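This is start35.json (JSON, C-alpha atoms).
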```json
[["chain", "number", "residue", "atom", "x", "y", "z"],
["S", 207, "MET", "CA", 0.00, 0.00, 0.00],
["S", 208, "ALA", "CA", 1.38, 3.42, -0.99],
["S", 209, "THR", "CA", 1.87, 6.15, 1.61],
["S", 210, "THR", "CA", 1.24, 9.79, 0.70],
["S", 211, "VAL", "CA", 3.48, 12.46, 2.19],
["S", 212, "LYS", "CA", 2.89, 16.22, 2.05],
["S", 213, "ILE", "CA", 6.05, 18.34, 2.07],
["S", 214, "ILE", "CA", 6.06, 22.12, 2.42],
["S", 215, "CYS", "CA", 8.65, 24.11, 0.45],
["S", 216, "LYS", "CA", 9.36, 27.82, 0.92],
["S", 217, "TYR", "CA", 10.88, 30.36, -1.46],
["S", 218, "TYR", "CA", 13.75, 32.81, -0.96],
["S", 219, "GLN", "CA", 15.66, 35.22, -3.15],
["S", 220, "LEU", "CA", 19.45, 35.23, -2.83],
["S", 221, "ARG", "CA", 20.55, 38.83, -2.27],
["S", 222, "GLU", "CA", 23.96, 40.44, -1.95],
["S", 223, "PHE", "CA", 25.01, 41.60, 1.51],
["S", 224, "LYS", "CA", 27.43, 44.53, 1.38],
["S", 225, "ASP", "CA", 28.50, 47.30, 3.79],
["S", 226, "SER", "CA", 26.34, 45.80, 6.55],
["S", 227, "ASP", "CA", 23.20, 46.02, 4.45],
["S", 228, "ILE", "CA", 21.10, 43.91, 2.06],
["S", 229, "THR", "CA", 21.44, 45.37, -1.43],
["S", 230, "ALA", "CA", 18.98, 45.26, -4.33],
["S", 231, "ASN", "CA", 21.41, 43.00, -6.24],
["S", 232, "THR", "CA", 20.83, 39.26, -6.38],
["S", 233, "TYR", "CA", 23.63, 36.86, -5.47],
["S", 234, "ASN", "CA", 24.46, 34.14, -7.98],
["S", 235, "LEU", "CA", 25.55, 30.80, -6.52],
["S", 236, "ILE", "CA", 27.02, 29.21, -9.64],
["S", 237, "PRO", "CA", 30.69, 30.15, -8.90],
["S", 238, "LEU", "CA", 30.33, 28.80, -5.35],
["S", 239, "LEU", "CA", 28.60, 25.60, -6.50],
["S", 240, "ASN", "CA", 31.41, 25.01, -9.00],
["S", 241, "GLN", "CA", 33.93, 25.54, -6.18],
["S", 242, "ILE", "CA", 32.16, 23.10, -3.83],
["S", 243, "ASN", "CA", 31.74, 20.56, -6.63],
["S", 244, "HIS", "CA", 35.54, 20.27, -6.85],
["S", 245, "LEU", "CA", 35.89, 19.56, -3.12],
["S", 246, "SER", "CA", 35.94, 16.07, -1.65],
["S", 247, "LEU", "CA", 32.99, 15.03, 0.49],
["S", 248, "GLU", "CA", 35.14, 15.43, 3.60],
["S", 249, "GLU", "CA", 36.18, 18.93, 2.56],
["S", 250, "ARG", "CA", 32.53, 19.93, 2.23],
["S", 251, "PHE", "CA", 31.88, 19.36, 5.94],
["S", 252, "ALA", "CA", 31.30, 22.49, 8.03],
["S", 253, "ASN", "CA", 30.31, 23.03, 11.65],
["S", 254, "ILE", "CA", 28.67, 26.45, 12.00],
["S", 255, "ASN", "CA", 26.80, 27.47, 15.16],
["S", 256, "ASN", "CA", 26.65, 23.80, 16.22],
["S", 257, "VAL", "CA", 25.04, 22.77, 12.94],
["S", 258, "GLU", "CA", 27.29, 20.22, 11.27],
["S", 259, "GLY", "CA", 26.87, 18.81, 7.80],
["S", 260, "ARG", "CA", 27.65, 19.28, 4.14],
["S", 261, "LEU", "CA", 26.27, 19.89, 0.69],
["S", 262, "GLU", "CA", 26.13, 16.28, -0.43],
["S", 263, "GLU", "CA", 24.98, 16.56, -4.04],
["S", 264, "ILE", "CA", 24.69, 19.22, -6.73],
["S", 265, "SER", "CA", 22.71, 18.15, -9.77],
["S", 266, "LYS", "CA", 21.73, 20.17, -12.87],
["S", 267, "LEU", "CA", 18.15, 19.38, -13.83],
["S", 268, "GLY", "CA", 17.59, 18.72, -17.53],
["S", 269, "GLU", "CA", 17.69, 21.66, -19.93],
["S", 270, "PHE", "CA", 16.80, 24.16, -17.23],
["S", 271, "ASP", "CA", 19.29, 26.51, -15.57],
["S", 272, "ILE", "CA", 18.07, 24.97, -12.35],
["S", 273, "TYR", "CA", 20.08, 22.92, -9.86],
["S", 274, "ALA", "CA", 19.03, 20.45, -7.19],
["S", 275, "LEU", "CA", 21.01, 20.70, -3.94],
["S", 276, "ASN", "CA", 21.04, 18.01, -1.25],
["S", 277, "PHE", "CA", 22.12, 19.29, 2.17],
["S", 278, "MET", "CA", 22.88, 16.72, 4.88],
["S", 279, "ARG", "CA", 22.74, 17.75, 8.53],
["S", 280, "THR", "CA", 24.71, 15.21, 10.56],
["S", 281, "ASP", "CA", 24.71, 14.03, 14.15],
["S", 282, "ASN", "CA", 27.21, 11.65, 15.74],
["S", 283, "VAL", "CA", 24.67, 10.53, 18.37],
["S", 284, "SER", "CA", 21.89, 8.17, 17.32],
["S", 285, "THR", "CA", 18.55, 8.13, 19.11],
["S", 286, "SER", "CA", 16.81, 6.42, 16.17],
["S", 287, "TYR", "CA", 15.17, 2.98, 16.13],
["S", 288, "LYS", "CA", 13.56, 0.65, 13.61],
["S", 289, "VAL", "CA", 10.28, -0.78, 14.87],
["S", 290, "ARG", "CA", 8.13, -3.69, 13.69],
["S", 291, "ARG", "CA", 4.66, -4.25, 15.10],
["S", 292, "ASN", "CA", 5.44, -7.81, 16.24],
["S", 293, "ALA", "CA", 9.08, -7.44, 17.28],
["S", 294, "PRO", "CA", 11.20, -5.41, 19.71],
["S", 295, "ALA", "CA", 12.56, -2.08, 18.53],
["S", 296, "GLU", "CA", 16.06, -2.16, 17.02],
["S", 297, "HIS", "CA", 18.42, 0.73, 17.70],
["S", 298, "ILE", "CA", 20.16, 2.16, 14.64],
["S", 299, "ASP", "CA", 23.82, 1.94, 15.66],
["S", 300, "ILE", "CA", 26.58, 4.07, 14.16],
["S", 301, "GLU", "CA", 30.29, 3.31, 14.13],
["S", 302, "VAL", "CA", 33.15, 5.73, 14.89],
["S", 303, "GLY", "CA", 33.32, 8.19, 12.00],
["S", 304, "GLU", "CA", 29.70, 7.57, 11.01],
["S", 305, "TYR", "CA", 26.75, 9.92, 11.43],
["S", 306, "ILE", "CA", 22.98, 9.92, 11.45],
["S", 307, "ALA", "CA", 21.83, 12.47, 8.88],
["S", 308, "LYS", "CA", 18.69, 14.30, 7.80],
["S", 309, "ASN", "CA", 18.62, 15.85, 4.37],
["S", 310, "THR", "CA", 17.10, 19.05, 3.04],
["S", 311, "VAL", "CA", 16.44, 19.28, -0.69],
["S", 312, "CYS", "CA", 16.62, 22.64, -2.50],
["S", 313, "ILE", "CA", 15.92, 23.77, -6.05],
["S", 314, "TYR", "CA", 18.08, 26.71, -7.17],
["S", 315, "ASP", "CA", 17.01, 28.83, -10.16],
["S", 316, "SER", "CA", 20.33, 30.32, -11.31],
["S", 317, "VAL", "CA", 18.68, 32.77, -13.74],
["S", 318, "ASN", "CA", 16.46, 34.46, -11.16],
["S", 319, "ASP", "CA", 18.53, 33.57, -8.07],
["S", 320, "ILE", "CA", 15.53, 31.99, -6.38],
["S", 321, "ILE", "CA", 15.88, 29.02, -4.06],
["S", 322, "MET", "CA", 13.07, 26.66, -3.08],
["S", 323, "ILE", "CA", 13.81, 24.94, 0.24],
["S", 324, "GLN", "CA", 12.18, 21.81, 1.63],
["S", 325, "SER", "CA", 10.93, 22.16, 5.21],
["S", 326, "ASN", "CA", 12.32, 19.13, 7.05],
["S", 327, "ARG", "CA", 12.41, 19.18, 10.83],
["S", 328, "GLY", "CA", 15.89, 18.31, 12.04],
["S", 329, "GLY", "CA", 17.50, 19.09, 8.67],
["S", 330, "TYR", "CA", 19.12, 22.24, 7.35],
["S", 331, "THR", "CA", 16.97, 25.39, 7.66],
["S", 332, "ASP", "CA", 17.10, 28.57, 5.59],
["S", 333, "ALA", "CA", 19.34, 30.14, 8.27],
["S", 334, "SER", "CA", 21.78, 27.21, 8.39],
["S", 335, "ILE", "CA", 21.93, 27.06, 4.56],
["S", 336, "GLU", "CA", 22.72, 30.77, 4.50],
["S", 337, "ASN", "CA", 25.48, 30.22, 7.08],
["S", 338, "TYR", "CA", 26.89, 27.30, 5.08],
["S", 339, "ILE", "CA", 27.00, 29.38, 1.89],
["S", 340, "ASN", "CA", 28.76, 32.30, 3.58],
["S", 341, "ASN", "CA", 31.19, 29.96, 5.30],
["S", 342, "PHE", "CA", 32.48, 28.77, 1.93],
["S", 343, "ILE", "CA", 32.42, 32.28, 0.47],
["S", 344, "GLY", "CA", 34.68, 33.28, 3.36],
["S", 345, "GLU", "CA", 32.56, 36.20, 4.57],
["S", 346, "LYS", "CA", 28.92, 37.25, 4.88],
["S", 347, "ARG", "CA", 28.03, 38.11, 1.30],
["S", 348, "CYS", "CA", 24.75, 36.26, 0.68],
["S", 349, "ILE", "CA", 21.35, 36.64, 2.34],
["S", 350, "LEU", "CA", 18.35, 34.35, 1.85],
["S", 351, "LEU", "CA", 15.50, 36.85, 1.75],
["S", 352, "PRO", "CA", 12.00, 35.36, 2.23],
["S", 353, "ILE", "CA", 9.68, 36.00, -0.71],
["S", 354, "ARG", "CA", 6.22, 37.13, 0.37],
["S", 355, "GLU", "CA", 2.94, 36.46, -1.38],
["S", 356, "ARG", "CA", 1.41, 39.58, -2.95],
["S", 357, "VAL", "CA", -2.32, 39.01, -2.60],
["S", 358, "ASP", "CA", -5.02, 41.67, -2.36],
["S", 359, "ILE", "CA", -6.85, 39.90, 0.42],
["S", 360, "VAL", "CA", -9.75, 42.41, 0.66],
["S", 361, "ASN", "CA", -10.44, 42.64, -3.08],
["S", 362, "ALA", "CA", -14.17, 42.79, -3.78],
["S", 363, "LYS", "CA", -13.85, 39.78, -6.11],
["S", 364, "ASN", "CA", -12.34, 37.53, -3.45],
["S", 365, "GLU", "CA", -14.32, 34.54, -2.24],
["S", 366, "TYR", "CA", -13.59, 33.12, 1.20],
["S", 367, "MET", "CA", -14.02, 29.56, 2.44],
["S", 368, "LYS", "CA", -12.41, 29.65, 5.88],
["S", 369, "ILE", "CA", -10.96, 31.98, 8.50],
["S", 370, "ASP", "CA", -8.82, 30.74, 11.39],
["S", 371, "VAL", "CA", -7.72, 33.15, 14.14],
["S", 372, "ARG", "CA", -5.73, 32.57, 17.34],
["S", 373, "PHE", "CA", -5.85, 35.35, 19.94],
["S", 374, "ALA", "CA", -2.97, 35.83, 22.38],
["S", 375, "ASN", "CA", -4.99, 38.35, 24.41],
["S", 376, "ILE", "CA", -8.60, 38.58, 23.35],
["S", 377, "LYS", "CA", -9.44, 41.17, 26.02],
["S", 378, "GLU", "CA", -7.37, 43.76, 24.16],
["S", 379, "TYR", "CA", -8.91, 43.03, 20.76],
["S", 380, "GLN", "CA", -10.99, 45.95, 19.46],
["S", 381, "PRO", "CA", -13.38, 44.82, 16.70],
["S", 382, "THR", "CA", -15.34, 47.18, 14.46],
["S", 383, "SER", "CA", -18.69, 48.09, 15.96],
["S", 384, "GLY", "CA", -21.46, 45.95, 14.52],
["S", 385, "SER", "CA", -19.14, 43.29, 13.08],
["S", 386, "CYS", "CA", -19.74, 39.57, 13.60],
["S", 387, "PHE", "CA", -16.51, 39.28, 15.59],
["S", 388, "GLU", "CA", -17.71, 41.98, 18.00],
["S", 389, "GLU", "CA", -20.52, 39.70, 19.13],
["S", 390, "ILE", "CA", -18.33, 36.57, 19.24],
["S", 391, "ILE", "CA", -15.60, 38.29, 21.26],
["S", 392, "ALA", "CA", -18.08, 39.88, 23.64],
["S", 393, "GLY", "CA", -19.37, 36.41, 24.43],
["S", 394, "ILE", "CA", -15.87, 35.00, 24.96],
["S", 395, "ASN", "CA", -14.90, 37.93, 27.19],
["S", 396, "ARG", "CA", -17.82, 37.11, 29.50],
["S", 397, "THR", "CA", -16.01, 33.87, 30.34],
["S", 398, "ASP", "CA", -12.96, 35.91, 31.52],
["S", 399, "GLY", "CA", -10.69, 33.95, 29.18],
["S", 400, "ILE", "CA", -7.44, 35.43, 27.85],
["S", 401, "SER", "CA", -6.54, 33.38, 24.77],
["S", 402, "ALA", "CA", -8.93, 31.95, 22.20],
["S", 403, "HIS", "CA", -9.09, 30.12, 18.88],
["S", 404, "ILE", "CA", -11.88, 30.86, 16.40],
["S", 405, "GLU", "CA", -12.30, 28.88, 13.20],
["S", 406, "ILE", "CA", -15.16, 29.58, 10.80],
["S", 407, "SER", "CA", -15.51, 27.37, 7.74],
["S", 408, "LEU", "CA", -18.00, 25.74, 5.40],
["S", 409, "GLY", "CA", -17.21, 22.17, 6.40],
["S", 410, "ASN", "CA", -17.02, 19.89, 3.38],
["S", 411, "ASN", "CA", -19.32, 22.01, 1.21],
["S", 412, "ARG", "CA", -17.10, 23.50, -1.49],
["S", 413, "LYS", "CA", -19.90, 25.31, -3.31],
["S", 414, "LEU", "CA", -20.77, 27.75, -0.53],
["S", 415, "ARG", "CA", -18.79, 30.89, 0.41],
["S", 416, "LEU", "CA", -18.47, 32.94, 3.59],
["S", 417, "ASN", "CA", -19.97, 36.43, 3.73],
["S", 418, "LYS", "CA", -17.53, 38.69, 1.86],
["S", 419, "LYS", "CA", -18.43, 41.90, 3.66],
["S", 420, "GLU", "CA", -18.01, 40.41, 7.12],
["S", 421, "ILE", "CA", -14.74, 38.65, 6.29],
["S", 422, "ARG", "CA", -13.21, 41.81, 4.74],
["S", 423, "LYS", "CA", -14.23, 43.77, 7.84],
["S", 424, "THR", "CA", -12.66, 41.07, 10.04],
["S", 425, "ILE", "CA", -9.41, 41.09, 8.03],
["S", 426, "GLU", "CA", -9.11, 44.88, 8.44],
["S", 427, "ASP", "CA", -9.72, 44.50, 12.19],
["S", 428, "LEU", "CA", -7.05, 41.81, 12.44],
["S", 429, "HIS", "CA", -4.45, 44.09, 10.88],
["S", 430, "GLN", "CA", -5.42, 46.82, 13.35],
["S", 431, "ASN", "CA", -5.05, 44.40, 16.28],
["S", 432, "MET", "CA", -1.88, 42.53, 15.34],
["S", 433, "GLY", "CA", -0.41, 42.93, 18.83],
["S", 434, "CYS", "CA", -2.99, 40.65, 20.43],
["S", 435, "VAL", "CA", -3.39, 38.14, 17.60],
["S", 436, "SER", "CA", -0.87, 35.28, 17.38],
["S", 437, "SER", "CA", -1.99, 33.98, 13.97],
["S", 438, "ALA", "CA", -4.64, 34.63, 11.34],
["S", 439, "LYS", "CA", -5.22, 32.53, 8.24],
["S", 440, "ILE", "CA", -7.60, 32.80, 5.31],
["S", 441, "LYS", "CA", -8.68, 30.08, 2.87],
["S", 442, "PHE", "CA", -9.72, 31.46, -0.52],
["S", 443, "SER", "CA", -11.81, 29.57, -3.05],
["S", 444, "ASP", "CA", -9.82, 27.00, -5.04],
["S", 445, "GLU", "CA", -10.19, 29.07, -8.23],
["S", 446, "GLN", "CA", -8.28, 32.00, -6.70],
["S", 447, "VAL", "CA", -5.40, 31.00, -4.43],
["S", 448, "SER", "CA", -4.45, 27.45, -3.53],
["S", 449, "GLY", "CA", -3.85, 26.58, 0.09],
["S", 450, "ILE", "CA", -4.02, 28.82, 3.15],
["S", 451, "TYR", "CA", -2.97, 32.48, 3.15],
["S", 452, "ASP", "CA", -1.33, 33.63, 6.39],
["S", 453, "LEU", "CA", -2.04, 37.30, 7.10],
["S", 454, "PHE", "CA", 1.08, 37.71, 9.24],
["S", 455, "ASP", "CA", 3.52, 35.15, 7.87],
["S", 456, "ASN", "CA", 2.64, 35.10, 4.19],
["S", 457, "MET", "CA", 5.76, 33.50, 2.74],
["S", 458, "CYS", "CA", 5.54, 32.10, -0.77],
["S", 459, "LYS", "CA", 5.31, 28.35, -0.38],
["S", 460, "ASP", "CA", 4.17, 25.23, -2.16],
["S", 461, "GLU", "CA", 2.95, 21.83, -1.04],
["S", 462, "ILE", "CA", 4.60, 18.83, -2.69],
["S", 463, "ILE", "CA", 2.71, 15.53, -2.68],
["S", 464, "VAL", "CA", 4.91, 12.43, -2.75],
["S", 465, "SER", "CA", 3.59, 8.88, -3.00],
["S", 466, "ILE", "CA", 5.87, 6.25, -1.45],
["S", 467, "SER", "CA", 5.36, 2.63, -2.49],
["S", 468, "GLU", "CA", 6.46, -0.47, -0.57],
["S", 469, "ALA", "CA", 9.33, -0.84, -3.06],
["S", 470, "ASP", "CA", 10.65, 2.56, -1.91],
["S", 471, "LYS", "CA", 11.12, 1.11, 1.60],
["S", 472, "GLY", "CA", 9.82, 4.29, 3.22],
["S", 473, "CYS", "CA", 12.41, 6.48, 1.51],
["S", 474, "VAL", "CA", 11.77, 9.83, -0.16],
["S", 475, "THR", "CA", 14.91, 9.94, -2.29],
["S", 476, "PHE", "CA", 16.77, 13.07, -3.33],
["S", 477, "ASP", "CA", 15.98, 12.50, -7.01],
["S", 478, "MET", "CA", 12.32, 11.77, -6.31],
["S", 479, "LEU", "CA", 11.75, 14.95, -4.31],
["S", 480, "ALA", "CA", 13.96, 17.16, -6.51],
["S", 481, "ASN", "CA", 11.97, 16.24, -9.62],
["S", 482, "LYS", "CA", 8.66, 16.81, -7.84],
["S", 483, "MET", "CA", 9.87, 20.25, -6.74],
["S", 484, "LEU", "CA", 11.11, 21.04, -10.25],
["S", 485, "PHE", "CA", 7.73, 20.09, -11.73],
["S", 486, "LYS", "CA", 5.88, 22.30, -9.24],
["S", 487, "TYR", "CA", 8.23, 25.23, -9.86],
["S", 488, "THR", "CA", 8.27, 25.05, -13.66],
["S", 489, "ILE", "CA", 5.35, 23.13, -15.15],
["S", 490, "GLY", "CA", 3.16, 23.93, -12.13],
["S", 491, "ALA", "CA", 3.68, 27.66, -12.87],
["S", 492, "SER", "CA", 5.02, 28.58, -9.44],
["S", 493, "ARG", "CA", 8.04, 30.30, -11.02],
["S", 494, "GLU", "CA", 5.90, 33.04, -12.60],
["S", 495, "ARG", "CA", 3.98, 33.53, -9.36],
["S", 496, "ILE", "CA", 7.20, 33.86, -7.37],
["S", 497, "LYS", "CA", 8.77, 36.26, -9.88],
["S", 498, "LYS", "CA", 5.64, 38.41, -9.78],
["S", 499, "SER", "CA", 5.79, 38.53, -5.98],
["S", 500, "ILE", "CA", 9.42, 39.75, -6.18],
["S", 501, "MET", "CA", 8.56, 42.45, -8.75],
["S", 502, "ASN", "CA", 5.71, 43.72, -6.57],
["S", 503, "PHE", "CA", 7.95, 43.89, -3.49]]
```

Structure rendered as structure tokens:
Amino acid sequence: MATTVKIICKYYQLREFKDSDITANTYNLIPLLNQINHLSLEERFANINNVEGRLEEISKLGEFDIYALNFMRTDNVSTSYKVRRNAPAEHIDIEVGEYIAKNTVCIYDSVNDIIMIQSNRGGYTDASIENYINNFIGEKRCILLPIRERVDIVNAKNEYMKIDVRFANIKEYQPTSGSCFEEIIAGINRTDGISAHIEISLGNNRKLRLNKKEIRKTIEDLHQNMGCVSSAKIKFSDEQVSGIYDLFDNMCKDEIIVSISEADKGCVTFDMLANKMLFKYTIGASRERIKKSIMNF
């Protein structure tokens, strides 16, 4: 039986860091990738801020000026086990000089200097990749700048399917008089609670839509009350924007769906994920969306 895995990938633009500031110039990685490609695997190791690992593989993808990068974050202590339902757990032992590693796959567009980074808990993050790059440059010259979605969230044509809000301090929230949230929050405040989570959706009915006027009013209120709201997310209709739009952390991202068969032995390989990411970025039209977000910055 195949297992389906959903992997989130986020987008960054590589920018030049000069005179203690981020410039408007992009930073091209090709010279550095060529340099690293000529190093032995051992020479690629780096320990920066207690994050140890290396850039394991650099692979040019087809006819595109796009490269797949496979970062390995290593650990010389193993707390991992293999478990079968009908047998005792088996510890995964490592010998002297061996490591347990978690990988992070990236797609690098060398024309637009855009990097798409897999989110993998325990692997390399955007910050540790940035540190690794600058370590091999020899100084801080490259910044991974998050690319934000540019969506007019209160456009009159927008259709809304879900709103999800978490309040850090609901007593300080000041909704517009007469709004639906005014009544909801008044009721919650009568309980003397501090934090709250409100989710309004249409269940499984994909043909209905939430009231546009009320949702737009709520979105404007949320921006006015950012200090007491910990998160706020909007789900548009499928015809407009795929996925969830985060009002406060609206990074450009994509969801990659990977199907793992029994023959794969539970492994999402570098090649498998890199090609899925490439398809999403190119054929899936994410590249044009990301470029547009940069131009509108």

query: Which distance in Å separates CA of His429 (chain S) and CA of Pro381 (chain S), to one decimal?
result: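 Between these atoms lies a distance of 10.7 Å.
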
For region 364-371 of chain S, list every protein, DNA or RNA residue within 6 Å, evaluated using all atoms listed in the file, and leave out those in the same chain fewer than 5 positions away; present the list as an mmCIF file with C-alpha atoms, in the frame of the given file.
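File written: result.cif
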```cif
data_model
loop_
_atom_site.group_PDB
_atom_site.id
_atom_site.type_symbol
_atom_site.label_atom_id
_atom_site.label_comp_id
_atom_site.auth_asym_id
_atom_site.auth_seq_id
_atom_site.Cartn_x
_atom_site.Cartn_y
_atom_site.Cartn_z
ATOM 1 C CA HIS S 403 -9.090 30.120 18.880
ATOM 2 C CA ILE S 404 -11.880 30.860 16.400
ATOM 3 C CA GLU S 405 -12.300 28.880 13.200
ATOM 4 C CA ILE S 406 -15.160 29.580 10.800
ATOM 5 C CA SER S 407 -15.510 27.370 7.740
ATOM 6 C CA ARG S 415 -18.790 30.890 0.410
ATOM 7 C CA LEU S 416 -18.470 32.940 3.590
ATOM 8 C CA SER S 437 -1.990 33.980 13.970
ATOM 9 C CA ALA S 438 -4.640 34.630 11.340
ATOM 10 C CA LYS S 439 -5.220 32.530 8.240
ATOM 11 C CA ILE S 440 -7.600 32.800 5.310
ATOM 12 C CA LYS S 441 -8.680 30.080 2.870
ATOM 13 C CA PHE S 442 -9.720 31.460 -0.520
ATOM 14 C CA SER S 443 -11.810 29.570 -3.050
#
```

Answer as an mmCIF file with C-alpha atoms, in the frame of the given file, residues within 9 Å of (1.2, 35.5, -3.9) using all atoms listed in the file:
```
data_model
loop_
_atom_site.group_PDB
_atom_site.id
_atom_site.type_symbol
_atom_site.label_atom_id
_atom_site.label_comp_id
_atom_site.auth_asym_id
_atom_site.auth_seq_id
_atom_site.Cartn_x
_atom_site.Cartn_y
_atom_site.Cartn_z
ATOM 1 C CA ARG S 354 6.220 37.130 0.370
ATOM 2 C CA GLU S 355 2.940 36.460 -1.380
ATOM 3 C CA ARG S 356 1.410 39.580 -2.950
ATOM 4 C CA VAL S 357 -2.320 39.010 -2.600
ATOM 5 C CA ASP S 358 -5.020 41.670 -2.360
ATOM 6 C CA VAL S 447 -5.400 31.000 -4.430
ATOM 7 C CA TYR S 451 -2.970 32.480 3.150
ATOM 8 C CA ASN S 456 2.640 35.100 4.190
ATOM 9 C CA MET S 457 5.760 33.500 2.740
ATOM 10 C CA CYS S 458 5.540 32.100 -0.770
ATOM 11 C CA LYS S 459 5.310 28.350 -0.380
ATOM 12 C CA ARG S 495 3.980 33.530 -9.360
ATOM 13 C CA ILE S 496 7.200 33.860 -7.370
ATOM 14 C CA LYS S 498 5.640 38.410 -9.780
ATOM 15 C CA SER S 499 5.790 38.530 -5.980
#
```

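Comparing the minimum interatomic distances between Tyr273 (chain S) and each of S:Ile254, S:Ile313, S:Met322, S:Ile339, counting all atoms listed in the file, we find that S:Ile313 sits nearest.
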
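Among the candidates S:Glu248, S:Asp225, S:Asp427, S:Glu262, the one nearest to Ala274 (chain S) when counting only C-alpha atoms is S:Glu262.
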
- request: Could you please determine the separation between CA of Arg347 (chain S) and CA of Phe223 (chain S) in Å, to one decimal place?
  value: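 Separating CA of Arg347 (chain S) from CA of Phe223 (chain S) is a distance of 4.6 Å.
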
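A straight line drawn from CA of Ser492 (chain S) to CA of Asp460 (chain S) is 8.1 Å long.
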
query: What's the 7 Å shell around Gln219 (chain S), counting only C-alpha atoms, without same-chain residues fewer than 2 positions away, as JSON, numbers by chain?
result: {"S": [221, 319, 320, 321, 350, 351, 352, 353]}

Neighbours of Ser436 (chain S) within 7 Å (only C-alpha atoms; same-chain residues fewer than 4 positions away dropped), as a PDB file with C-alpha atoms, in the coordinates of the input?
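Full text of around-v3.pdb as output:
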```
ATOM      1  CA  ARG S 372      -5.730  32.570  17.340  1.00  0.00           C
ATOM      2  CA  PHE S 373      -5.850  35.350  19.940  1.00  0.00           C
ATOM      3  CA  ALA S 374      -2.970  35.830  22.380  1.00  0.00           C
TER       4      ALA S 374
END
```

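Distance annotation: of S:Ile400, S:Leu453, S:Ala252, S:Leu235, the residue with the minimal separation from Glu426 (chain S) is S:Leu453; atom set is only C-alpha atoms.
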
Mind giving me the axis-aligned box for region 466-478 of chain S with 8 Å on every side, centre plus edges in Å to one decimal, as JSON?
```
{"center_x": 11.1, "center_y": 6.1, "center_z": -1.9, "size_x": 27.4, "size_y": 29.9, "size_z": 26.2}
```

task: Have a look at S:Thr475, S:Ser465, S:Asn375, S:Asn337 and name the one nearest to Gly259 (chain S); count all atoms listed in the file.
output: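 Once distances to Gly259 (chain S) are computed over all atoms listed in the file, the minimum belongs to S:Asn337.
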
field: Nearest candidate to Val211 (chain S) (options S:Ser401, S:Ser467, S:Asn481, S:Asn240; using all atoms listed in the file)
entry: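 Of all the options, S:Ser467 lies closest to Val211 (chain S).
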
message: Excluding Arg279 (chain S) and its own-chain neighbours fewer than 4 positions away, which residues fall within 8 Å of it when counting all atoms listed in the file? Please give them as a ChimeraX atom specification.
response: /S:257-260,307-310,328-330

N, CA and C atoms are needed for region 345-357 of chain S; please write them out as a PDB file, keeping the file's coordinate frame.
```pdb
ATOM      1  N   GLU S 345      33.099  35.044   3.846  1.00  0.00           N
ATOM      2  CA  GLU S 345      32.560  36.200   4.570  1.00  0.00           C
ATOM      3  C   GLU S 345      31.059  36.273   4.304  1.00  0.00           C
ATOM      4  N   LYS S 346      30.369  37.135   5.070  1.00  0.00           N
ATOM      5  CA  LYS S 346      28.920  37.250   4.880  1.00  0.00           C
ATOM      6  C   LYS S 346      28.641  38.091   3.653  1.00  0.00           C
ATOM      7  N   ARG S 347      28.289  37.424   2.567  1.00  0.00           N
ATOM      8  CA  ARG S 347      28.030  38.110   1.300  1.00  0.00           C
ATOM      9  C   ARG S 347      26.647  37.777   0.736  1.00  0.00           C
ATOM     10  N   CYS S 348      26.003  36.739   1.256  1.00  0.00           N
ATOM     11  CA  CYS S 348      24.750  36.260   0.680  1.00  0.00           C
ATOM     12  C   CYS S 348      23.670  36.166   1.760  1.00  0.00           C
ATOM     13  N   ILE S 349      22.502  36.692   1.436  1.00  0.00           N
ATOM     14  CA  ILE S 349      21.350  36.640   2.340  1.00  0.00           C
ATOM     15  C   ILE S 349      20.207  35.906   1.644  1.00  0.00           C
ATOM     16  N   LEU S 350      19.548  34.996   2.372  1.00  0.00           N
ATOM     17  CA  LEU S 350      18.350  34.350   1.850  1.00  0.00           C
ATOM     18  C   LEU S 350      17.148  35.154   2.321  1.00  0.00           C
ATOM     19  N   LEU S 351      16.589  35.941   1.408  1.00  0.00           N
ATOM     20  CA  LEU S 351      15.500  36.850   1.750  1.00  0.00           C
ATOM     21  C   LEU S 351      14.159  36.166   1.457  1.00  0.00           C
ATOM     22  N   PRO S 352      13.300  35.997   2.470  1.00  0.00           N
ATOM     23  CA  PRO S 352      12.000  35.360   2.230  1.00  0.00           C
ATOM     24  C   PRO S 352      11.194  36.127   1.189  1.00  0.00           C
ATOM     25  N   ILE S 353      10.548  35.393   0.309  1.00  0.00           N
ATOM     26  CA  ILE S 353       9.680  36.000  -0.710  1.00  0.00           C
ATOM     27  C   ILE S 353       8.249  35.916  -0.195  1.00  0.00           C
ATOM     28  N   ARG S 354       7.580  37.055  -0.168  1.00  0.00           N
ATOM     29  CA  ARG S 354       6.220  37.130   0.370  1.00  0.00           C
ATOM     30  C   ARG S 354       5.179  37.089  -0.746  1.00  0.00           C
ATOM     31  N   GLU S 355       4.057  36.459  -0.439  1.00  0.00           N
ATOM     32  CA  GLU S 355       2.940  36.460  -1.380  1.00  0.00           C
ATOM     33  C   GLU S 355       2.387  37.881  -1.494  1.00  0.00           C
ATOM     34  N   ARG S 356       2.029  38.274  -2.716  1.00  0.00           N
ATOM     35  CA  ARG S 356       1.410  39.580  -2.950  1.00  0.00           C
ATOM     36  C   ARG S 356      -0.038  39.327  -3.360  1.00  0.00           C
ATOM     37  N   VAL S 357      -0.917  39.305  -2.358  1.00  0.00           N
ATOM     38  CA  VAL S 357      -2.320  39.010  -2.600  1.00  0.00           C
ATOM     39  C   VAL S 357      -3.174  40.133  -2.025  1.00  0.00           C
TER      40      VAL S 357
END
```
